[in-house]
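Pasted below: start_35.cif, mmCIF, C-alpha atoms and all ligand atoms.
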```cif
data_start
loop_
_atom_site.label_atom_id
_atom_site.label_comp_id
_atom_site.auth_asym_id
_atom_site.auth_seq_id
_atom_site.Cartn_x
_atom_site.Cartn_y
_atom_site.Cartn_z
CA MET A 340 127.89 -56.34 -92.99
CA ILE A 341 124.80 -57.87 -94.63
CA GLY A 342 125.30 -59.90 -97.81
CA ILE A 343 122.28 -60.35 -100.06
CA PHE A 344 122.07 -62.40 -103.22
CA ASP A 345 119.60 -63.37 -105.90
CA SER A 346 119.73 -64.59 -109.50
CA GLY A 347 119.21 -60.96 -110.51
CA SER A 348 117.52 -57.84 -109.22
CA GLY A 349 114.52 -59.57 -107.59
CA GLY A 350 116.24 -59.62 -104.20
CA MET A 351 115.97 -55.85 -104.22
CA SER A 352 112.37 -56.40 -103.05
CA VAL A 353 113.89 -57.87 -99.88
CA TYR A 354 116.62 -55.24 -99.62
CA ARG A 355 114.04 -52.42 -99.64
CA GLU A 356 112.36 -53.97 -96.57
CA LEU A 357 115.68 -54.71 -94.83
CA VAL A 358 116.79 -51.12 -95.12
CA LYS A 359 113.56 -50.01 -93.39
CA VAL A 360 114.34 -52.03 -90.26
CA LEU A 361 118.15 -51.85 -90.48
CA PRO A 362 118.79 -48.40 -91.98
CA LEU A 363 122.34 -47.88 -90.72
CA GLU A 364 124.00 -51.12 -91.83
CA LYS A 365 126.47 -51.87 -94.58
CA TYR A 366 125.11 -53.99 -97.43
CA VAL A 367 126.62 -55.92 -100.32
CA TYR A 368 124.11 -57.02 -102.97
CA PHE A 369 125.16 -59.68 -105.46
CA ALA A 370 123.00 -60.19 -108.58
CA ASP A 371 123.91 -63.34 -110.46
CA ASN A 372 122.83 -61.93 -113.83
CA ALA A 373 125.28 -64.09 -115.76
CA HIS A 374 123.32 -67.16 -114.60
CA CYS A 375 119.77 -65.71 -114.41
CA PRO A 376 117.11 -67.11 -114.32
CA TYR A 377 117.52 -69.82 -111.69
CA GLY A 378 113.91 -71.01 -111.97
CA GLU A 379 114.47 -73.90 -114.39
CA LYS A 380 118.07 -74.77 -113.42
CA THR A 381 119.02 -77.98 -111.59
CA VAL A 382 119.40 -78.11 -107.84
CA GLN A 383 123.11 -78.98 -108.26
CA TYR A 384 123.71 -75.97 -110.47
CA ILE A 385 122.04 -73.56 -108.04
CA ARG A 386 123.91 -75.07 -105.06
CA GLU A 387 127.18 -74.49 -106.87
CA ARG A 388 126.26 -70.87 -107.58
CA ALA A 389 125.12 -70.38 -103.97
CA ARG A 390 128.45 -71.71 -102.64
CA SER A 391 130.57 -69.55 -104.84
CA ILE A 392 128.49 -66.41 -104.12
CA THR A 393 128.65 -67.19 -100.39
CA ASP A 394 132.46 -67.44 -100.57
CA PHE A 395 132.54 -64.13 -102.38
CA LEU A 396 130.29 -62.38 -99.84
CA LEU A 397 132.21 -63.80 -96.88
CA GLY A 398 135.42 -62.58 -98.54
CA LYS A 399 133.87 -59.10 -98.61
CA GLY A 400 133.41 -59.28 -94.84
CA CYS A 401 129.69 -60.13 -94.64
CA ASP A 402 128.66 -61.70 -91.34
CA ILE A 403 125.10 -62.62 -92.29
CA ILE A 404 123.74 -63.73 -95.67
CA VAL A 405 120.21 -63.18 -96.88
CA VAL A 406 119.34 -65.60 -99.65
CA ALA A 407 116.89 -63.17 -101.25
CA CYS A 408 115.69 -65.74 -103.75
CA ASN A 409 113.03 -68.38 -103.15
CA THR A 410 114.53 -70.70 -105.76
CA ALA A 411 118.03 -70.57 -104.25
CA THR A 412 116.56 -71.00 -100.76
CA ALA A 413 114.71 -74.12 -101.91
CA ALA A 414 117.76 -75.59 -103.62
CA ALA A 415 120.61 -74.57 -101.38
CA ILE A 416 119.88 -73.23 -97.92
CA ARG A 417 120.19 -76.58 -96.12
CA THR A 418 123.50 -77.21 -97.88
CA LEU A 419 124.79 -73.73 -97.05
CA ARG A 420 123.86 -74.07 -93.37
CA LYS A 421 125.64 -77.43 -93.22
CA GLU A 422 128.76 -76.29 -95.05
CA TYR A 423 129.11 -72.91 -93.31
CA PRO A 424 127.90 -73.72 -89.78
CA SER A 425 129.08 -70.45 -88.23
CA VAL A 426 127.32 -68.19 -90.76
CA PRO A 427 123.68 -67.18 -90.22
CA PHE A 428 121.67 -67.59 -93.43
CA ILE A 429 118.21 -66.06 -93.85
CA GLY A 430 116.02 -67.69 -96.49
CA MET A 431 112.76 -66.95 -98.24
CA GLU A 432 109.56 -68.83 -97.61
CA PRO A 433 106.33 -68.46 -99.60
CA ALA A 434 103.78 -66.85 -97.27
CA VAL A 435 101.32 -69.76 -97.34
CA LYS A 436 100.48 -69.43 -93.64
CA PRO A 437 99.12 -65.84 -93.63
CA ALA A 438 97.33 -66.58 -96.89
CA ALA A 439 95.69 -69.72 -95.45
CA LEU A 440 94.64 -67.84 -92.32
CA GLY A 441 93.15 -64.90 -94.25
CA THR A 442 91.32 -66.47 -97.20
CA ARG A 443 87.53 -66.17 -97.35
CA THR A 444 86.98 -68.34 -100.40
CA GLY A 445 89.21 -71.10 -99.03
CA VAL A 446 91.37 -70.96 -102.15
CA ILE A 447 94.83 -69.43 -102.23
CA GLY A 448 97.10 -68.98 -105.21
CA VAL A 449 100.87 -69.30 -105.12
CA LEU A 450 103.03 -67.77 -107.85
CA ALA A 451 106.64 -69.02 -107.87
CA THR A 452 109.28 -70.60 -110.06
CA ALA A 453 109.24 -74.31 -110.90
CA GLY A 454 112.32 -74.76 -108.68
CA THR A 455 110.50 -73.34 -105.67
CA LEU A 456 107.25 -75.23 -106.28
CA ASN A 457 109.11 -78.55 -106.58
CA GLY A 458 111.34 -77.90 -103.57
CA LEU A 459 111.04 -79.91 -100.37
CA LYS A 460 110.57 -76.84 -98.21
CA TYR A 461 107.57 -75.61 -100.17
CA LEU A 462 106.05 -79.10 -100.37
CA GLU A 463 106.34 -79.43 -96.58
CA THR A 464 104.69 -76.04 -96.03
CA ARG A 465 101.97 -76.91 -98.49
CA GLY A 466 101.39 -80.19 -96.64
CA LEU A 467 100.64 -78.28 -93.43
CA TYR A 468 97.76 -76.30 -94.95
CA GLU A 469 96.29 -78.32 -97.78
CA ASP A 470 93.72 -80.00 -95.56
CA GLU A 471 92.28 -76.61 -94.61
CA VAL A 472 92.50 -74.65 -97.86
CA ARG A 473 92.82 -75.37 -101.54
CA ILE A 474 96.22 -74.30 -102.83
CA GLU A 475 96.52 -73.49 -106.52
CA GLU A 476 99.96 -72.91 -107.96
CA HIS A 477 101.28 -71.32 -111.10
CA VAL A 478 104.74 -70.46 -112.37
CA GLY A 479 104.97 -66.76 -113.14
CA GLU A 480 105.89 -67.49 -116.76
CA GLY A 481 108.06 -64.71 -118.13
CA PHE A 482 107.82 -62.61 -114.94
CA VAL A 483 111.57 -62.68 -114.17
CA GLU A 484 112.35 -61.60 -117.72
CA LEU A 485 109.86 -58.69 -117.43
CA VAL A 486 111.51 -57.45 -114.25
CA GLU A 487 115.05 -57.85 -115.56
CA SER A 488 114.14 -55.90 -118.69
CA GLY A 489 112.42 -53.17 -116.65
CA ASP A 490 109.05 -53.90 -118.24
CA LEU A 491 106.98 -53.60 -115.05
CA SER A 492 103.71 -52.19 -116.35
CA GLY A 493 101.90 -51.45 -119.60
CA PRO A 494 100.11 -53.72 -122.06
CA ARG A 495 102.89 -56.27 -122.63
CA ALA A 496 103.49 -56.78 -118.90
CA GLY A 497 99.72 -56.98 -118.40
CA GLU A 498 99.37 -59.75 -121.00
CA VAL A 499 102.24 -61.81 -119.59
CA VAL A 500 100.95 -61.45 -116.03
CA GLU A 501 97.36 -62.26 -117.05
CA ARG A 502 98.41 -65.64 -118.47
CA SER A 503 99.72 -66.88 -115.13
CA VAL A 504 97.34 -65.08 -112.78
CA ARG A 505 94.06 -65.83 -114.58
CA PRO A 506 94.11 -69.59 -113.82
CA LEU A 507 94.44 -68.79 -110.09
CA LEU A 508 91.47 -66.41 -110.24
CA ASP A 509 89.42 -68.90 -112.24
CA ALA A 510 90.08 -71.45 -109.49
CA GLY A 511 88.55 -69.01 -106.97
CA ALA A 512 91.69 -67.67 -105.29
CA ASP A 513 91.10 -64.51 -103.24
CA THR A 514 94.70 -64.38 -102.00
CA ILE A 515 97.86 -64.57 -104.08
CA VAL A 516 101.23 -65.32 -102.53
CA LEU A 517 104.28 -63.91 -104.31
CA GLY A 518 106.72 -66.81 -104.00
CA CYS A 519 109.57 -65.29 -106.01
CA THR A 520 111.43 -62.15 -105.05
CA HIS A 521 111.17 -60.72 -108.55
CA TYR A 522 107.37 -60.75 -108.53
CA PRO A 523 106.75 -57.84 -106.07
CA PHE A 524 108.06 -55.51 -108.77
CA LEU A 525 105.04 -56.58 -110.83
CA ARG A 526 102.66 -56.12 -107.91
CA GLU A 527 100.67 -53.27 -109.43
CA THR A 528 100.22 -55.18 -112.67
CA ILE A 529 99.23 -58.33 -110.76
CA GLU A 530 96.73 -56.33 -108.68
CA ALA A 531 95.29 -54.70 -111.78
CA VAL A 532 94.67 -58.15 -113.31
CA ALA A 533 93.37 -59.66 -110.06
CA GLY A 534 91.03 -56.79 -109.12
CA PRO A 535 90.30 -55.21 -105.76
CA GLY A 536 88.86 -58.32 -104.08
CA VAL A 537 92.16 -60.17 -104.16
CA ARG A 538 94.87 -59.78 -101.53
CA VAL A 539 98.47 -60.03 -102.74
CA ILE A 540 101.08 -61.09 -100.15
CA ASP A 541 104.79 -60.30 -100.37
CA PRO A 542 106.79 -62.11 -97.66
CA ALA A 543 109.68 -59.59 -97.72
CA PRO A 544 108.58 -57.50 -94.70
CA ALA A 545 108.41 -60.65 -92.55
CA VAL A 546 111.82 -61.77 -93.81
CA ALA A 547 113.27 -58.37 -92.90
CA GLN A 548 111.82 -58.60 -89.38
CA HIS A 549 113.26 -62.08 -89.01
CA THR A 550 116.68 -60.84 -90.18
CA LEU A 551 116.56 -58.07 -87.59
CA SER A 552 115.79 -60.49 -84.76
CA VAL A 553 118.54 -62.92 -85.84
CA MET A 554 121.02 -60.04 -86.01
CA GLU A 555 119.96 -58.76 -82.59
CA SER A 556 120.28 -62.19 -81.04
CA ARG A 557 123.80 -62.58 -82.42
CA ASN A 558 124.92 -59.02 -81.69
CA LEU A 559 125.43 -58.26 -85.37
CA VAL A 560 123.57 -54.93 -85.50
CA ARG A 561 126.22 -52.21 -85.92
CA SER A 562 124.27 -49.09 -86.95
CA ASP A 563 127.55 -47.39 -87.85
CA GLY A 564 126.40 -45.85 -91.11
CA PHE A 565 124.59 -46.97 -94.25
CA SER A 566 126.40 -48.06 -97.38
CA ILE A 567 125.62 -50.42 -100.23
CA GLU A 568 127.81 -52.05 -102.84
CA LEU A 569 126.02 -53.44 -105.90
CA ILE A 570 127.70 -56.27 -107.76
CA SER A 571 126.52 -58.16 -110.82
CA SER A 572 128.13 -61.23 -112.35
CA GLY A 573 126.79 -60.07 -115.73
CA ASP A 574 125.12 -57.00 -117.19
CA PRO A 575 124.53 -54.62 -114.25
CA SER A 576 121.99 -52.39 -116.03
CA SER A 577 118.92 -54.17 -114.69
CA LEU A 578 120.20 -54.06 -111.11
CA GLU A 579 121.00 -50.36 -111.43
CA ARG A 580 117.50 -49.68 -112.79
CA ILE A 581 115.72 -51.58 -110.02
CA PHE A 582 117.99 -50.09 -107.35
CA LYS A 583 117.03 -46.63 -108.58
CA ILE A 584 113.31 -47.50 -108.33
CA VAL A 585 113.75 -48.88 -104.82
CA SER A 586 115.83 -45.88 -103.69
CA GLU A 587 113.24 -43.40 -104.93
CA GLU A 588 110.26 -45.09 -103.26
N1 LIG B 1 114.13 -64.20 -107.64
C1 LIG B 1 114.20 -65.59 -107.66
C2 LIG B 1 113.24 -66.29 -106.76
O1 LIG B 1 112.89 -65.71 -105.76
C3 LIG B 1 114.72 -66.30 -108.85
C4 LIG B 1 113.96 -66.19 -110.10
C5 LIG B 1 114.70 -66.87 -111.22
O2 LIG B 1 115.88 -66.56 -111.36
O3 LIG B 1 114.11 -67.69 -111.90
O4 LIG B 1 112.85 -67.38 -106.97
#
```
Go ahead and express the file in the form of structure tokens.
Ligand code: DGL
Amino acid sequence: MIGIFDSGSGGMSVYRELVKVLPLEKYVYFADNAHCPYGEKTVQYIRERARSITDFLLGKGCDIIVVACNTATAAAIRTLRKEYPSVPFIGMEPAVKPAALGTRTGVIGVLATAGTLNGLKYLETRGLYEDEVRIEEHVGEGFVELVESGDLSGPRAGEVVERSVRPLLDAGADTIVLGCTHYPFLRETIEAVAGPGVRVIDPAPAVAQHTLSVMESRNLVRSDGFSIELISSGDPSSLERIFKIVSEE
């Protein structure tokens, strides 16, 4: 059984790719709405949440956990791997590599939370590419709130998105990496602001492929019938709304 968690419904952008490559598995999705957003919380706080959600998912019978949240990956995945050595954890990584390889202007933009941008993992990845390309970063200010409230398009969403995307475009970015799992739900709005010359990269398909290969190598693929249980620590309405969108795609 595959356990997935995020601060809210953002991890659904990873779930929708997982279900494409692993359509006959059982899933449990935990949205930590009572503690959302994670973006500005301390590392200690997020680690504590990650531990207690992991315990919950293991108690449900999950044998692999997808940390479908860049911020929680940055804060907690090393700790989780150390404290639960027999459990495979799959984390998120901003797709800096494909962006760096594909840019024509030599400038890439990364949109993520403050927690992700300040995390060691991101800083290490950045260090590998910053000699070759210019990397401009911006927090997607208000993006998580837009997604949680179901405000994915229209003038208000456009204005909020514009404020964080415009500085990347002004810096010459022709590629924008979505470094937070909530942001793919704003993809159309981001693309409308950025225009046709800008490539937007969502790492979720690569994360799903990686999950599949880890599950194959550990003999965890069951293919005995799809099911999903949705759990929220707070108000479940946002999760239900996003799940509906994802299921109808
Ligand atoms: N979806 C999350 C991420 O990928 C968390 C966003 C938040 O809660 O601030 O970073």
* Nearest-residue call for A:Leu419, choices A:Ala434, A:Val532, A:Ile392, A:Ala496, using only C-alpha atoms -> A:Ile392
* Structure fact -> As a check of understanding: the span from atom CA of A:Ala451 to atom CA of A:Ala413 is 11.3 Å
* So what do you get for atom CA of A:Gly400 versus atom CA of A:Tyr366, distance-wise? ->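 Distance between the two atoms: 10.2 Å.
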* Do a neighbour search on A:Gly342 at 7 Å with only C-alpha atoms, toss out local chain neighbours closer than 4 positions, and write the hits as a ChimeraX atom specification. => /A:366-368,396,401,403-405
* So what do you get for atom CA of A:Leu397 versus atom CA of A:Lys365, distance-wise? ->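 It comes out at 13.4 Å.
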Could you produce a table of the residues of chain A lying within 7 Å of ligand LIG 1 (chain B), with the nearest pair of atoms per residue and their separation in Å rounded to one decimal, using only C-alpha atoms and all ligand atoms, ordered by chain and increasing residue number, as a tab-separated table?
```
residue	atom	partner	partner_atom	distance
A:Asp345	CA	B:LIG1	N1	5.8
A:Ser346	CA	B:LIG1	O2	4.7
A:Gly347	CA	B:LIG1	O2	6.6
A:Gly349	CA	B:LIG1	N1	4.6
A:Gly350	CA	B:LIG1	N1	6.1
A:Cys375	CA	B:LIG1	O2	5.0
A:Pro376	CA	B:LIG1	O2	3.3
A:Tyr377	CA	B:LIG1	O2	3.7
A:Gly378	CA	B:LIG1	O3	3.3
A:Glu379	CA	B:LIG1	O3	6.7
A:Ala407	CA	B:LIG1	O1	6.5
A:Cys408	CA	B:LIG1	O1	3.4
A:Asn409	CA	B:LIG1	O1	3.7
A:Thr410	CA	B:LIG1	O4	3.9
A:Ala411	CA	B:LIG1	O4	6.7
A:Ala451	CA	B:LIG1	O4	6.5
A:Thr452	CA	B:LIG1	O4	5.7
A:Thr455	CA	B:LIG1	O4	6.5
A:Val483	CA	B:LIG1	C4	5.9
A:Gly518	CA	B:LIG1	O1	6.5
A:Cys519	CA	B:LIG1	O1	3.4
A:Thr520	CA	B:LIG1	O1	3.9
A:His521	CA	B:LIG1	N1	4.7
```
* From A:Val585, A:Leu569, A:Ile385, A:Val486, residue lying nearest A:Ala370 [all atoms listed in the file] ->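 Of all the options, A:Leu569 lies closest to A:Ala370.
Within the 12 Å cut-off around A:Arg557, using only C-alpha atoms and omitting residues fewer than 3 positions from it on the same chain, the listed residues are Asp402, Ile403, Ser425, Val426, Pro427, Thr550, Leu551, Ser552, Val553, Met554, Val560 and Arg561 of chain A.
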* To do: Would you please work out which residue, of A:Ser503, A:Thr464, A:Ser586, A:Ser562, is nearest to A:Tyr354 when using only C-alpha atoms?
  =>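 Going through A:Ser503, A:Thr464, A:Ser586, A:Ser562 one by one, the smallest distance to A:Tyr354 is for A:Ser586.
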* **Neighbour list for A:Glu463 as an MDAnalysis selection string, cut-off 12 Å, only C-alpha atoms, skip fewer than 5 positions in-chain** => chainID A and resid 413 432:433 435:436 455:458 468:469
What does the file look like for those residues with C-alpha atoms, as a CSV table (one decimal), keeping the file's coordinate frame?
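Below is the file selection-v9.csv, written as the result:
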```
chain,number,residue,atom,x,y,z
A,413,ALA,CA,114.7,-74.1,-101.9
A,432,GLU,CA,109.6,-68.8,-97.6
A,433,PRO,CA,106.3,-68.5,-99.6
A,435,VAL,CA,101.3,-69.8,-97.3
A,436,LYS,CA,100.5,-69.4,-93.6
A,455,THR,CA,110.5,-73.3,-105.7
A,456,LEU,CA,107.2,-75.2,-106.3
A,457,ASN,CA,109.1,-78.6,-106.6
A,458,GLY,CA,111.3,-77.9,-103.6
A,468,TYR,CA,97.8,-76.3,-95.0
A,469,GLU,CA,96.3,-78.3,-97.8
```
* All residues 9 Å or closer to A:Arg386, all atoms listed in the file, same chain fewer than 3 positions away omitted, as a PyMOL selection string -> chain A and resi 381-383+389-391+411+414-416+418-419
* Neighbours of A:Arg443 within 12 Å (all atoms listed in the file; same-chain residues fewer than 6 positions away dropped), as a list in words? ->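 In the requested form, the answer reads Glu471, Val472, Arg473, Gly511, Ala512, Asp513, Thr514, Gly536, Val537 and Arg538 of chain A.
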* **Residue nearest A:Leu363 - candidates A:Ile341, A:Lys380, A:Pro523, A:Ala543, atoms counted: all atoms listed in the file** =>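 Under the stated criterion, the closest residue is A:Ile341.
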* Asked: Of the candidates A:Thr528, A:Ser576, A:Thr442, A:Ser556, which one gets nearest to A:Gly493 if we count only C-alpha atoms?
  ->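 Using only C-alpha atoms, the shortest distance to A:Gly493 belongs to A:Thr528.
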* Asked: Using all atoms listed in the file, which of A:Met340, A:Leu357, A:Leu491, A:Ala453 sits nearest A:Ser577?
  -> A:Leu491
* Please determine the residues with any atom at most 9 Å from (105.9, -61.7, -116.7) (coordinates as given in the file, with all atoms listed in the file counting) and report them as number ranges by chain. => A: 479-486, 490-491, 495-503, 522, 525
